[in-house]
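First comes the structure, then the notes that go with it.
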Amino acid sequence: RFVSSHGSEQDCIALQYCENVRISRCEFEGIYSSSVKVRTSVNVSVSSCAFKGLGTITEARGVEFLEGARHCSVSDSQFNRLHEGVTTGGNTEAVSRDIAVTGCVMSGIETTGVSIGPASESVTASGCTIAMSDGASSICASIFGSKSAVTGCRLSYGKLAGVWISPARTLAYAAGTGGEPWNGSTALPTVAATGNVIDYCNQGVYVAGTNNAVGVDHVTVSGNTINGCNAAGVRAESTVSTQTLKNLLIANNTISSVETTSYGIEVHKADGTVQDITVNGNMITGNGISVTGVSGTLISDVFLSGNSVNGAGTYGLYFQFAEKCIARSTSCRSCDTGIHVLNSNDLVITDSIITASTTAGASVYADGGETTTDVGFQGGMILEG
């Protein structure tokens, strides 16, 4: 049992240039820095440990895997009242890679439960339960690294998001005994948030374009159950000219009870590049799906298929400042308006089923001097009620 009561900011256990180390059934309490910090080490496992912080110390972290940490794990451990639970990262010389965080329980975490840093590769958080404290900027799990995933976790009360995804495609994958260099490779991030239950977060999953030349690419958000968000269930956006967001799949999520001014799924472009976005097979109760750009910066190349919206307060499917998008086999029930198109061009909407709308099955119009042209409703639209 390791206890600190005198305010020392030293790490409790610091490993460097170590191999095949096991830390098991240990208790850490009141550590002011990192309870376990690992650098340039291989095969370090932390299991069945308890980490308890003081709740007010911003440096307090449970386990950190930093530059050169490889083939390491944290499992079946408890984290309580810490600044961060488990973090991974590195620097411009070396990354951390092949890290597994499994079956951990985290409660009262101030900022991030599992933080997968930008200089990380192949990190997975699975089967964890993470409940945040009242910290204003808290995220249950974040992915800024490559080839990483958050899967099968229970995530609650993230004041910013349940899962925050913004991976930079900047890591090299050369073989070597140390960490791989951080040198701007073109290797794909291929990150995912899958099979999670996300409750009462501000946003369920947030995917942000990144400020680099290659941007976010090959991200999957699928099979999540998202409840009670204050904002969107899933939101993906690019907001500045240097950001890129592409090859994003949002599929087979179940989303309910989203705040009335937001949508279950939002895809937004304010600037930068957004392309090749697929939204498929999602079931949404409450406000439906929005695809939006801004005046002079239209969003394009968004494909929607097989989505179902029930009981939207306003729109089941909403397009604004969009072009060259396709919506196929959309089901909207008990929405104010099933499908709403505003200031958009070259849209194809096919095989829609719209029932029990209170205002209109579909509406198409322009305002503010903008135009709406070439919007095609094809393949049979069924309007009932």
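Here's how to read the names in the structure tokens: chain A, B, ... by the order shown, residue numbers from 1 in each chain, ligand numbers from 1 in the order shown.
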Range 35-48 of chain A environment, 6 Å, only C-alpha atoms, sequence neighbours closer than 6 positions dropped, as an MDAnalysis selection string: chainID A and resid 11:25 62:77
Can you list, as a PyMOL selection string, every protein, DNA or RNA residue that comes within 12 Å of Gly311 in chain A when you count only C-alpha atoms, leaving out same-chain residues fewer than 5 positions away? chain A and resi 256-258+260+263-264+283-288+316-317+331-338+354-358
Residues from the last selection, N, CA and C atoms, saved as a JSON list (two decimals), in the first residue's frame:
[["chain", "number", "residue", "atom", "x", "y", "z"],
["A", 256, "SER", "N", -31.31, 8.14, -28.08],
["A", 256, "SER", "CA", -32.61, 8.60, -27.57],
["A", 256, "SER", "C", -32.43, 9.75, -26.60],
["A", 257, "SER", "N", -33.49, 10.51, -26.45],
["A", 257, "SER", "CA", -33.59, 11.59, -25.46],
["A", 257, "SER", "C", -32.49, 12.62, -25.61],
["A", 258, "VAL", "N", -32.24, 13.04, -26.82],
["A", 258, "VAL", "CA", -31.32, 14.15, -27.06],
["A", 258, "VAL", "C", -32.05, 15.46, -26.78],
["A", 260, "THR", "N", -33.72, 19.04, -27.01],
["A", 260, "THR", "CA", -34.63, 19.35, -28.11],
["A", 260, "THR", "C", -34.05, 20.26, -29.18],
["A", 263, "TYR", "N", -29.63, 17.38, -32.47],
["A", 263, "TYR", "CA", -30.07, 16.23, -33.25],
["A", 263, "TYR", "C", -29.38, 14.96, -32.75],
["A", 264, "GLY", "N", -30.01, 13.84, -33.06],
["A", 264, "GLY", "CA", -29.38, 12.58, -32.72],
["A", 264, "GLY", "C", -28.02, 12.43, -33.36],
["A", 283, "MET", "N", -30.93, 4.18, -35.34],
["A", 283, "MET", "CA", -32.27, 4.33, -34.81],
["A", 283, "MET", "C", -32.27, 5.46, -33.81],
["A", 284, "ILE", "N", -33.10, 6.47, -34.07],
["A", 284, "ILE", "CA", -33.08, 7.69, -33.27],
["A", 284, "ILE", "C", -34.48, 7.99, -32.76],
["A", 285, "THR", "N", -34.59, 8.24, -31.46],
["A", 285, "THR", "CA", -35.83, 8.71, -30.86],
["A", 285, "THR", "C", -35.61, 10.15, -30.43],
["A", 286, "GLY", "N", -36.45, 11.06, -30.93],
["A", 286, "GLY", "CA", -36.23, 12.48, -30.71],
["A", 286, "GLY", "C", -35.79, 13.11, -32.01],
["A", 287, "ASN", "N", -35.13, 14.26, -31.94],
["A", 287, "ASN", "CA", -34.67, 14.91, -33.16],
["A", 287, "ASN", "C", -33.78, 13.99, -33.96],
["A", 288, "GLY", "N", -33.87, 14.10, -35.30],
["A", 288, "GLY", "CA", -33.25, 13.09, -36.15],
["A", 288, "GLY", "C", -31.83, 13.37, -36.56],
["A", 316, "GLY", "N", -37.17, 15.08, -38.95],
["A", 316, "GLY", "CA", -36.56, 13.76, -38.98],
["A", 316, "GLY", "C", -35.22, 13.79, -39.68],
["A", 317, "LEU", "N", -35.18, 14.48, -40.84],
["A", 317, "LEU", "CA", -33.95, 14.61, -41.62],
["A", 317, "LEU", "C", -33.86, 16.05, -42.10],
["A", 331, "SER", "N", -36.81, 6.40, -42.67],
["A", 331, "SER", "CA", -38.12, 6.26, -42.05],
["A", 331, "SER", "C", -38.27, 7.33, -40.97],
["A", 332, "CYS", "N", -39.29, 8.17, -41.10],
["A", 332, "CYS", "CA", -39.54, 9.24, -40.13],
["A", 332, "CYS", "C", -40.97, 9.08, -39.61],
["A", 333, "ARG", "N", -41.13, 8.93, -38.32],
["A", 333, "ARG", "CA", -42.46, 8.75, -37.73],
["A", 333, "ARG", "C", -42.69, 9.78, -36.63],
["A", 334, "SER", "N", -43.87, 10.38, -36.65],
["A", 334, "SER", "CA", -44.30, 11.32, -35.61],
["A", 334, "SER", "C", -43.35, 12.50, -35.47],
["A", 335, "CYS", "N", -42.82, 12.96, -36.61],
["A", 335, "CYS", "CA", -41.98, 14.16, -36.62],
["A", 335, "CYS", "C", -42.87, 15.37, -36.95],
["A", 336, "ASP", "N", -42.43, 16.55, -36.55],
["A", 336, "ASP", "CA", -43.13, 17.74, -36.98],
["A", 336, "ASP", "C", -43.10, 17.83, -38.50],
["A", 337, "THR", "N", -41.88, 17.72, -39.08],
["A", 337, "THR", "CA", -41.69, 17.61, -40.53],
["A", 337, "THR", "C", -40.75, 16.45, -40.79],
["A", 338, "GLY", "N", -41.12, 15.55, -41.67],
["A", 338, "GLY", "CA", -40.30, 14.37, -41.92],
["A", 338, "GLY", "C", -38.93, 14.73, -42.48],
["A", 354, "ILE", "N", -42.63, 8.28, -44.47],
["A", 354, "ILE", "CA", -42.89, 9.35, -43.51],
["A", 354, "ILE", "C", -44.31, 9.18, -43.01],
["A", 355, "THR", "N", -44.47, 9.00, -41.70],
["A", 355, "THR", "CA", -45.79, 8.76, -41.14],
["A", 355, "THR", "C", -46.06, 9.70, -39.97],
["A", 356, "ALA", "N", -47.31, 10.07, -39.83],
["A", 356, "ALA", "CA", -47.81, 10.83, -38.68],
["A", 356, "ALA", "C", -47.07, 12.14, -38.46],
["A", 357, "SER", "N", -46.74, 12.85, -39.54],
["A", 357, "SER", "CA", -46.13, 14.17, -39.39],
["A", 357, "SER", "C", -47.20, 15.17, -38.95],
["A", 358, "THR", "N", -46.82, 16.10, -38.07],
["A", 358, "THR", "CA", -47.79, 17.07, -37.58],
["A", 358, "THR", "C", -47.88, 18.30, -38.47]]
For range 83-99 of chain A: contacts at 7 Å, only C-alpha atoms, fewer than 2 positions along chain excluded, given as a PyMOL selection string: chain A and resi 57-73+79+81+101+106+109-124+179-182
Cut-off 10 Å: closest range 189-253 of chain A/range 132-142 of chain A atom pairs per residue, using only C-alpha atoms, as a Markdown table:
| residue | atom | partner | partner_atom | distance |
| --- | --- | --- | --- | --- |
| A:Ala193 | CA | A:Ala141 | CA | 9.7 |
| A:Ile198 | CA | A:Cys140 | CA | 9.3 |
| A:Cys201 | CA | A:Ile139 | CA | 8.6 |
| A:Asn202 | CA | A:Ile139 | CA | 9.4 |
| A:Gln203 | CA | A:Ile139 | CA | 9.7 |
| A:Gly204 | CA | A:Cys140 | CA | 9.9 |
| A:Val205 | CA | A:Ala141 | CA | 9.7 |
| A:Tyr206 | CA | A:Ser142 | CA | 9.4 |
Across A:Phe321, A:Phe144, A:Tyr200, A:Tyr32, the smallest distance to Val219 in chain A, with only C-alpha atoms counted, is shown by A:Phe144
Test item: residues at most 12 Å from Ile265 in chain A, only C-alpha atoms, excluding those fewer than 6 positions along its chain, as a CSV table (one decimal) with C-alpha atoms, in the first residue's frame:
chain,number,residue,atom,x,y,z
A,203,GLN,CA,-22.4,14.8,-26.5
A,204,GLY,CA,-22.3,11.1,-26.9
A,205,VAL,CA,-19.5,10.8,-29.4
A,206,TYR,CA,-17.8,13.9,-30.8
A,207,VAL,CA,-15.5,13.6,-33.9
A,221,VAL,CA,-18.7,5.1,-34.7
A,226,ILE,CA,-26.6,6.8,-26.4
A,229,CYS,CA,-27.4,13.9,-24.1
A,231,ALA,CA,-26.4,18.1,-27.1
A,232,ALA,CA,-26.0,15.7,-30.1
A,233,GLY,CA,-25.8,12.0,-29.7
A,234,VAL,CA,-23.1,11.9,-32.4
A,235,ARG,CA,-21.6,15.1,-33.8
A,236,ALA,CA,-18.9,15.2,-36.5
A,237,GLU,CA,-17.5,18.5,-37.8
A,249,LEU,CA,-18.9,5.7,-40.8
A,250,ILE,CA,-21.7,6.4,-38.3
A,251,ALA,CA,-23.7,3.1,-38.3
A,252,ASN,CA,-26.2,1.1,-36.3
A,253,ASN,CA,-26.3,3.3,-33.2
A,254,THR,CA,-29.3,3.7,-31.0
A,255,ILE,CA,-29.8,7.2,-29.8
A,256,SER,CA,-32.6,8.6,-27.6
A,258,VAL,CA,-31.3,14.1,-27.1
A,259,GLU,CA,-31.9,17.8,-26.0
A,278,THR,CA,-21.7,7.5,-44.4
A,279,VAL,CA,-24.6,7.5,-41.9
A,280,ASN,CA,-26.3,4.1,-42.0
A,281,GLY,CA,-28.8,2.0,-40.0
A,282,ASN,CA,-29.2,4.3,-37.0
A,283,MET,CA,-32.3,4.3,-34.8
A,284,ILE,CA,-33.1,7.7,-33.3
A,285,THR,CA,-35.8,8.7,-30.9
A,286,GLY,CA,-36.2,12.5,-30.7
A,287,ASN,CA,-34.7,14.9,-33.2
A,288,GLY,CA,-33.2,13.1,-36.1
A,289,ILE,CA,-30.3,13.7,-38.4
A,290,SER,CA,-28.9,17.1,-39.6
A,291,VAL,CA,-26.4,17.6,-42.4
A,292,THR,CA,-25.3,21.3,-42.5
A,304,LEU,CA,-27.5,8.3,-45.6
A,307,ASN,CA,-31.9,5.4,-40.8
A,308,SER,CA,-35.1,5.5,-38.6
A,309,VAL,CA,-36.3,8.5,-36.7
A,315,TYR,CA,-37.3,17.4,-38.3
A,316,GLY,CA,-36.6,13.8,-39.0
A,317,LEU,CA,-34.0,14.6,-41.6
A,318,TYR,CA,-32.6,18.1,-42.1
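Residue neighbourhood of Glu27 in chain A, excluding near-sequence residues (fewer than 2 positions): A:Arg1, A:Phe2, A:Arg25, A:Glu29, A:Cys49, A:Ala50, A:Phe51, A:Lys52, at 8 Å, using only C-alpha atoms.
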How many Å lie between CA of Leu347 in chain A and CA of Ala192 in chain A, rounded to one decimal?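 If I compute the distance from CA of Leu347 in chain A to CA of Ala192 in chain A, I get 28.8 Å.
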